[in-house]
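K.L.:
Can you keep this structure in mind? I'll have questions shortly.
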Amino acid sequence: MERQKEVKENEVEFIKWFSELNKNSGNIAGGKGANLAEMYNLKIPVPPGFVITAQAYDYFIEKAKLKEKIKTILQQIDYEDTKQLDETTKKIRELIINSLFPKEMEEEIIESYYCLDTEDLENENLDLDSLKKEEIFVAVRSSATTEDLAEASFAGQQETFLNIKGKEKLIESIKKCFASLFTARATYYRHKKNFKHEDSSLAVIVQKMVNSDKSGVMFSKNPSLKDKNIIIEAVFGLGEGIVSGKITPDRYVISEKLEILEKNISEKKIAITKDDSGKELTVKLEKEKSNQQVLNDEEIKKLAEISIKLEKHYQKPQDIEFAIEKNKIYIVQTRPITTLEKKVEEEEIKGEAILEGLAASPGIGSGKVKIVKSLKDLEKVHKGDVLVTEMTNPDMVVTMQKCSAIVTDEGGITAHAAIVSREMGIPAVVGTRIATTKLKEGEIITVNGSIGKIYKGKSKIEKKEILPVALNKDMKTKIKLIVDLPSFAERASQTGIKQVGLLRIEGIIAESGKHPKYFLDNNKIEEYQEIIFKGIEKISNYFEELWVRTSDIRSDEFENLEGAPEKENNPMLGMHGIRYGLKYPEILKSELKALKKIKEKGKGIGLLLPQIISVEEVKKVKEFLEEINFKDVKIGVMIETPASVQIIKELCEEGIDFISFGTNDLTQYTLALDRGNEQVQNLYNEMHPSILHQIESVIKICKENNVETSICGQAGSKKEMAKFLVEKGIDSISVNADVASEIAEYVKENEEKLEKEKS
């Protein structure tokens, strides 16, 4: 119902304390104010405060005779002319700031401010005149009546002032909050969302300031639509660092069962704090502090519990801001997440990935790169361009509307402009670190905001849907997954399959930017072990069993990694696979120790040894396992060399638990050709009789020795190969997530046909 705008002095309540309000008080306290009051009365830890009501705003506008003046100025706006929009809205803001508050309204605000530091505000016998007039630091926050509604996200549209002390600064800040109802971005946003300006009022929250040691934002549901996990982002110091995008925050992923699934610890180069006068300071953090985990596990779980409680109470997923002072958690804001109901199809891009960051807003967009280093550069951004900037900034909202995509160096998925880009449906990737230096002005790129990747040129888009696999328990042939990168584990898990049949650690190594030899040569082998552990751990959070291949690094594939050896004349036949691990045992032992730690977390682990050509290699690895006391691990070998095929019986007798066919290398070695050579590409054939004969022979011998058989090469995703493997009795087939459902159905059909033929 439209709020009555005509106000009379004796009807207006200028101040409402949190205890007097609830979630239905939006027309009095605005969205933020109503939610803070609701939380306060739920016994959620909220800093004490009061609200200067929306009716007080209306009263001020009427008494200052600003209503008609504002209406006249608004009628002159051309909303698509950025410069004119800025100039026109500035006139309105100046009118509001330069007007005087009615005396009776100002006096009540000041009296309430002096009461704020009193412990017993609910005591009816409290003598306000006897109170010591203590001036404390407060946060002064705008709370618009059209803000934080489920159908709109007005995040960052109005002002917030932190560390305000004294009655003069308080009154000045409240006026600036009132004026911020008419910033260019807020005015444009209301217009775009079809909210009437005259129906919008503003309440202002005055809240005791939390001097945050740590601050952050959390989502009770993942806003990128992928799952139901809780997302928490945190920085050291005040929350301004995270919402402005100046600092790339730590990111934690927590399940609904309060299991910590992921911890992504960022390098937080700075923190925003305040001095004794309340002035914000940006301090540079020492290297050790900048790489330190912000929240401890107890704080992470406690915050996750609060997010679940708030979502349950509001019956909608929540976007929540928090602060921690002296180990005490405070919730300073909650509002509905506005993007979850929008369905986004999984899409894959065919092309060269040149950059990666955080998936901030789902979708795919292509266009010319326009690098924005200051607000003046916004003028060069045209419709369909990709805006590339150091950090997201709410002042860019009008320009963002024109863009096909957004890319930033810094910031997290909870920066205000990232929230607004999700609301507008613009793909965004943030926290790339190097976008403004790596990307060139005017070049064409494609941005995938769903997975956080940027591609060269205008890439071909292929829509891929990850379907759940309806696995029949009676199926003899098990379907497993190929998963290499932590960032794709969550997506792959949507199949419902709990076993990974191939996890290649080269992707984790590549993401570190350093070759294993670098860590060995620089006496940092423990750091290498931790990188491997953390990468596999992130993947393991989504699965019950993982078969992990030890590193197989060819010198031509990883020559750009720091510390990489020189490229060999014939890398395919050179120093890689298990022979490299045995030459540099500390590297291999580090990988085994990382897997041992995963095993100790209750996950099933299978060890896959690549490029095996002798029984002695398996024996040596077993010695390493005994040396580090790694027990109860399944030992498997890759069947990808003709030598391993020839000695399969001896390998089984030595004592292995499983084998996995690597058909790519097996085909190249057997047919004596390079798959990457265009001149012989037509001869490459994984269904060649010589390959099929080797596969059949190995399966037969393994069955005789009770050794499990599997395939992890790409050939397993081809129906003709799957049919052959089922006929020969293979135990499992590992495939990519996007074809898992299709291959599972095909395998099931072929098993049923074989049963019918037997009967």
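Chain labels follow the order of the structure tokens: the first chain is A, the next B, and so on; residue numbering restarts at 1 in every chain, and ligands are counted from 1 in their shown order.
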Just want the 7 Å neighbourhood of range 266-273 of chain A, counted on only C-alpha atoms, with same-chain residues fewer than 3 positions away dropped. Output as an mmCIF file with all heavy atoms, in the first residue's frame.

P.N.:
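Resulting contents of selection15.cif:
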data_model
loop_
_atom_site.group_PDB
_atom_site.id
_atom_site.type_symbol
_atom_site.label_atom_id
_atom_site.label_comp_id
_atom_site.auth_asym_id
_atom_site.auth_seq_id
_atom_site.Cartn_x
_atom_site.Cartn_y
_atom_site.Cartn_z
ATOM 1 N N PHE A 236 40.711 -8.752 6.859
ATOM 2 C CA PHE A 236 41.109 -8.123 8.114
ATOM 3 C C PHE A 236 40.632 -6.671 8.108
ATOM 4 O O PHE A 236 40.578 -6.022 7.064
ATOM 5 C CB PHE A 236 42.630 -8.169 8.287
ATOM 6 C CG PHE A 236 43.174 -9.558 8.500
ATOM 7 C CD1 PHE A 236 44.003 -10.148 7.557
ATOM 8 C CD2 PHE A 236 42.848 -10.277 9.642
ATOM 9 C CE1 PHE A 236 44.502 -11.425 7.753
ATOM 10 C CE2 PHE A 236 43.345 -11.562 9.845
ATOM 11 C CZ PHE A 236 44.171 -12.137 8.891
ATOM 12 N N GLY A 237 40.285 -6.156 9.293
ATOM 13 C CA GLY A 237 39.900 -4.756 9.399
ATOM 14 C C GLY A 237 38.434 -4.517 9.128
ATOM 15 O O GLY A 237 37.586 -5.393 9.306
ATOM 16 N N LEU A 238 38.122 -3.286 8.680
ATOM 17 C CA LEU A 238 36.743 -2.872 8.455
ATOM 18 C C LEU A 238 36.158 -3.483 7.188
ATOM 19 O O LEU A 238 36.887 -3.820 6.247
ATOM 20 C CB LEU A 238 36.661 -1.341 8.368
ATOM 21 C CG LEU A 238 37.143 -0.559 9.594
ATOM 22 C CD1 LEU A 238 37.086 0.934 9.323
ATOM 23 C CD2 LEU A 238 36.312 -0.908 10.822
ATOM 24 N N GLY A 241 36.699 -2.632 3.103
ATOM 25 C CA GLY A 241 37.673 -3.264 2.207
ATOM 26 C C GLY A 241 37.065 -4.298 1.299
ATOM 27 O O GLY A 241 37.460 -4.452 0.147
ATOM 28 N N ILE A 247 39.989 -5.082 -1.670
ATOM 29 C CA ILE A 247 40.750 -6.228 -1.170
ATOM 30 C C ILE A 247 40.099 -7.515 -1.671
ATOM 31 O O ILE A 247 38.881 -7.666 -1.586
ATOM 32 C CB ILE A 247 40.774 -6.246 0.373
ATOM 33 C CG1 ILE A 247 41.290 -4.908 0.926
ATOM 34 C CG2 ILE A 247 41.627 -7.399 0.888
ATOM 35 C CD1 ILE A 247 41.095 -4.741 2.420
ATOM 36 N N THR A 248 40.906 -8.420 -2.195
ATOM 37 C CA THR A 248 40.390 -9.733 -2.568
ATOM 38 C C THR A 248 40.305 -10.579 -1.303
ATOM 39 O O THR A 248 41.326 -10.851 -0.662
ATOM 40 C CB THR A 248 41.302 -10.418 -3.603
ATOM 41 O OG1 THR A 248 41.372 -9.589 -4.766
ATOM 42 C CG2 THR A 248 40.747 -11.784 -3.994
ATOM 43 N N PRO A 249 39.104 -10.983 -0.901
ATOM 44 C CA PRO A 249 38.927 -11.633 0.404
ATOM 45 C C PRO A 249 39.255 -13.121 0.393
ATOM 46 O O PRO A 249 39.304 -13.757 -0.661
ATOM 47 C CB PRO A 249 37.433 -11.425 0.673
ATOM 48 C CG PRO A 249 36.815 -11.426 -0.697
ATOM 49 C CD PRO A 249 37.823 -10.795 -1.617
ATOM 50 N N ASP A 250 39.444 -13.677 1.593
ATOM 51 C CA ASP A 250 39.419 -15.133 1.754
ATOM 52 C C ASP A 250 38.022 -15.609 1.390
ATOM 53 O O ASP A 250 37.033 -14.884 1.586
ATOM 54 C CB ASP A 250 39.685 -15.532 3.209
ATOM 55 C CG ASP A 250 41.155 -15.469 3.575
ATOM 56 O OD1 ASP A 250 41.955 -15.050 2.732
ATOM 57 O OD2 ASP A 250 41.487 -15.816 4.726
ATOM 58 N N GLU A 280 39.428 6.817 8.621
ATOM 59 C CA GLU A 280 39.810 5.533 8.020
ATOM 60 C C GLU A 280 41.256 5.565 7.558
ATOM 61 O O GLU A 280 41.716 6.536 6.963
ATOM 62 C CB GLU A 280 38.897 5.205 6.822
ATOM 63 C CG GLU A 280 37.577 4.612 7.233
ATOM 64 C CD GLU A 280 36.797 4.054 6.049
ATOM 65 O OE1 GLU A 280 37.362 3.977 4.937
ATOM 66 O OE2 GLU A 280 35.625 3.708 6.232
ATOM 67 N N LEU A 281 41.955 4.484 7.846
ATOM 68 C CA LEU A 281 43.343 4.343 7.430
ATOM 69 C C LEU A 281 43.502 3.068 6.611
ATOM 70 O O LEU A 281 42.925 2.037 6.947
ATOM 71 C CB LEU A 281 44.266 4.253 8.655
ATOM 72 C CG LEU A 281 44.360 5.465 9.584
ATOM 73 C CD1 LEU A 281 45.232 5.110 10.781
ATOM 74 C CD2 LEU A 281 44.949 6.658 8.841
ATOM 75 N N THR A 282 44.272 3.157 5.554
ATOM 76 C CA THR A 282 44.618 1.966 4.792
ATOM 77 C C THR A 282 46.029 1.561 5.174
ATOM 78 O O THR A 282 46.977 2.328 4.973
ATOM 79 C CB THR A 282 44.534 2.230 3.279
ATOM 80 O OG1 THR A 282 43.196 2.604 2.946
ATOM 81 C CG2 THR A 282 44.905 0.983 2.483
ATOM 82 N N VAL A 283 46.168 0.391 5.775
ATOM 83 C CA VAL A 283 47.483 -0.055 6.230
ATOM 84 C C VAL A 283 47.959 -1.233 5.388
ATOM 85 O O VAL A 283 47.173 -2.097 5.004
ATOM 86 C CB VAL A 283 47.457 -0.457 7.728
ATOM 87 C CG1 VAL A 283 47.145 0.740 8.589
ATOM 88 C CG2 VAL A 283 46.457 -1.575 7.997
ATOM 89 N N LYS A 284 49.233 -1.240 5.098
ATOM 90 C CA LYS A 284 49.831 -2.329 4.336
ATOM 91 C C LYS A 284 50.159 -3.473 5.288
ATOM 92 O O LYS A 284 50.749 -3.259 6.347
ATOM 93 C CB LYS A 284 51.099 -1.843 3.627
ATOM 94 C CG LYS A 284 51.667 -2.846 2.640
ATOM 95 C CD LYS A 284 52.852 -2.261 1.885
ATOM 96 C CE LYS A 284 53.400 -3.286 0.890
ATOM 97 N NZ LYS A 284 54.575 -2.752 0.160
ATOM 98 N N LEU A 285 49.755 -4.673 4.938
ATOM 99 C CA LEU A 285 49.983 -5.830 5.802
ATOM 100 C C LEU A 285 51.326 -6.491 5.498
ATOM 101 O O LEU A 285 51.755 -6.542 4.337
ATOM 102 C CB LEU A 285 48.857 -6.856 5.625
ATOM 103 C CG LEU A 285 47.448 -6.398 6.006
ATOM 104 C CD1 LEU A 285 46.450 -7.514 5.739
ATOM 105 C CD2 LEU A 285 47.375 -5.975 7.464
ATOM 106 N N SER A 290 49.398 -11.018 5.467
ATOM 107 C CA SER A 290 48.564 -10.911 4.263
ATOM 108 C C SER A 290 48.129 -12.272 3.740
ATOM 109 O O SER A 290 47.069 -12.411 3.138
ATOM 110 C CB SER A 290 49.300 -10.143 3.158
ATOM 111 O OG SER A 290 50.384 -10.887 2.665
ATOM 112 N N ASN A 291 48.938 -13.293 3.984
ATOM 113 C CA ASN A 291 48.610 -14.645 3.516
ATOM 114 C C ASN A 291 47.991 -15.518 4.603
ATOM 115 O O ASN A 291 47.796 -16.707 4.408
ATOM 116 C CB ASN A 291 49.868 -15.330 2.957
ATOM 117 C CG ASN A 291 50.320 -14.708 1.654
ATOM 118 O OD1 ASN A 291 49.551 -14.617 0.710
ATOM 119 N ND2 ASN A 291 51.553 -14.247 1.601
#

K.L.:
Write out as a count of residues only all residues of range 288-408 of chain A that backbone DSSP assigns to helix (DSSP H, G or I).

P.N.:
34

K.L.:
Would you list the contacts of range 97-104 of chain A as a list in words, taking every protein, DNA or RNA residue within 6 Å and counting only C-alpha atoms, but skipping same-chain residues closer than 3 positions in sequence?

P.N.:
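Residues meeting the cut-off are Glu94, Glu107 and Lys175 of chain A.
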
K.L.:
Could you please take those selected residues and save N, CA, C and O atoms as a compact mmCIF listing (two decimals), in the first residue's frame?

P.N.:
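Saved the output as again_35.txt:
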# COMPACT_ATOMS: atom_id res chain seq x y z
N GLU A 94 22.63 18.63 -3.44
CA GLU A 94 23.04 19.90 -2.84
C GLU A 94 21.88 20.60 -2.15
O GLU A 94 22.04 21.20 -1.08
N GLU A 107 16.73 17.81 17.65
CA GLU A 107 16.91 17.61 19.09
C GLU A 107 16.68 16.15 19.49
O GLU A 107 17.41 15.60 20.32
N LYS A 175 22.17 13.98 6.84
CA LYS A 175 21.75 14.74 5.65
C LYS A 175 22.36 14.14 4.38
O LYS A 175 21.70 14.04 3.34

K.L.:
Would you return as a PyMOL selection string the members of range 441-654 of chain A that DSSP assigns to strand (DSSP E) on this structure's backbone?

P.N.:
chain A and resi 444-448+453-456+460-463+478-482+499-504+545-549+604-609+634-639

K.L.:
Print the selection's residues with C-alpha atoms to a file, as a short mmCIF file (atom, residue, chain, number, x, y, z; two decimals), in the first residue's frame.

P.N.:
data_model
loop_
_atom_site.label_atom_id
_atom_site.label_comp_id
_atom_site.auth_asym_id
_atom_site.auth_seq_id
_atom_site.Cartn_x
_atom_site.Cartn_y
_atom_site.Cartn_z
CA ILE A 444 38.07 -9.16 -28.44
CA ILE A 445 37.52 -11.52 -25.51
CA THR A 446 34.80 -13.85 -24.23
CA VAL A 447 33.96 -13.85 -20.51
CA ASN A 448 32.35 -16.85 -18.80
CA LYS A 453 37.28 -17.82 -17.12
CA ILE A 454 38.20 -15.40 -19.93
CA TYR A 455 38.88 -16.61 -23.47
CA LYS A 456 40.70 -15.12 -26.44
CA LYS A 460 32.15 -20.63 -29.95
CA ILE A 461 29.70 -21.43 -27.15
CA GLU A 462 28.49 -24.96 -26.59
CA LYS A 463 25.73 -25.45 -24.08
CA LYS A 478 30.60 -48.90 -12.91
CA ILE A 479 30.71 -45.32 -14.21
CA LYS A 480 33.35 -43.07 -12.66
CA LEU A 481 34.44 -39.50 -13.37
CA ILE A 482 37.51 -37.75 -14.73
CA GLN A 499 33.94 -42.13 -7.47
CA VAL A 500 36.70 -40.37 -9.43
CA GLY A 501 38.44 -42.79 -11.78
CA LEU A 502 41.16 -40.33 -12.83
CA LEU A 503 42.48 -37.27 -11.06
CA ARG A 504 45.53 -35.86 -12.85
CA GLU A 545 36.88 -42.35 -3.55
CA LEU A 546 39.56 -40.92 -5.83
CA TRP A 547 42.09 -42.66 -8.05
CA VAL A 548 44.91 -40.16 -8.29
CA ARG A 549 47.68 -40.34 -10.87
CA GLY A 604 39.22 -43.85 -0.38
CA ILE A 605 42.46 -43.43 -2.34
CA GLY A 606 43.76 -45.32 -5.33
CA LEU A 607 47.34 -44.60 -6.46
CA LEU A 608 47.81 -44.58 -10.25
CA LEU A 609 51.38 -44.92 -11.52
CA LYS A 634 45.02 -49.28 -3.50
CA ILE A 635 47.92 -49.50 -5.93
CA GLY A 636 47.20 -49.24 -9.64
CA VAL A 637 49.17 -48.87 -12.83
CA MET A 638 48.40 -47.01 -16.03
CA ILE A 639 48.36 -49.35 -19.00
#

K.L.:
List the spatial neighbours of Tyr330 in chain A as a list in words - criterion: any atom at most 10 Å away, only C-alpha atoms, same-chain residues fewer than 6 positions off excluded.

P.N.:
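Contacts, in chain order: Ile44, Pro45, Val46, Pro47, Val210, Ser212, Ser215, Leu303, Glu321, Phe322, Ala323 and Ile324 of chain A.
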
K.L.:
Would you write out those residues with C-alpha atoms, as a PDB file, in the first residue's frame?

P.N.:
ATOM      1  CA  ILE A  44      21.122 -12.401  16.900  1.00  0.00           C
ATOM      2  CA  PRO A  45      24.244 -10.426  17.992  1.00  0.00           C
ATOM      3  CA  VAL A  46      23.503  -6.996  16.469  1.00  0.00           C
ATOM      4  CA  PRO A  47      25.265  -3.768  17.580  1.00  0.00           C
ATOM      5  CA  VAL A 210      32.088  -2.106  15.835  1.00  0.00           C
ATOM      6  CA  SER A 212      36.322  -4.672  13.487  1.00  0.00           C
ATOM      7  CA  SER A 215      34.821  -8.280   8.584  1.00  0.00           C
ATOM      8  CA  LEU A 303      28.821 -17.737  11.119  1.00  0.00           C
ATOM      9  CA  GLU A 321      27.328  -8.696   6.480  1.00  0.00           C
ATOM     10  CA  PHE A 322      29.281  -9.377   9.692  1.00  0.00           C
ATOM     11  CA  ALA A 323      32.053  -7.910  11.837  1.00  0.00           C
ATOM     12  CA  ILE A 324      34.227  -9.450  14.556  1.00  0.00           C
TER      13      ILE A 324
END
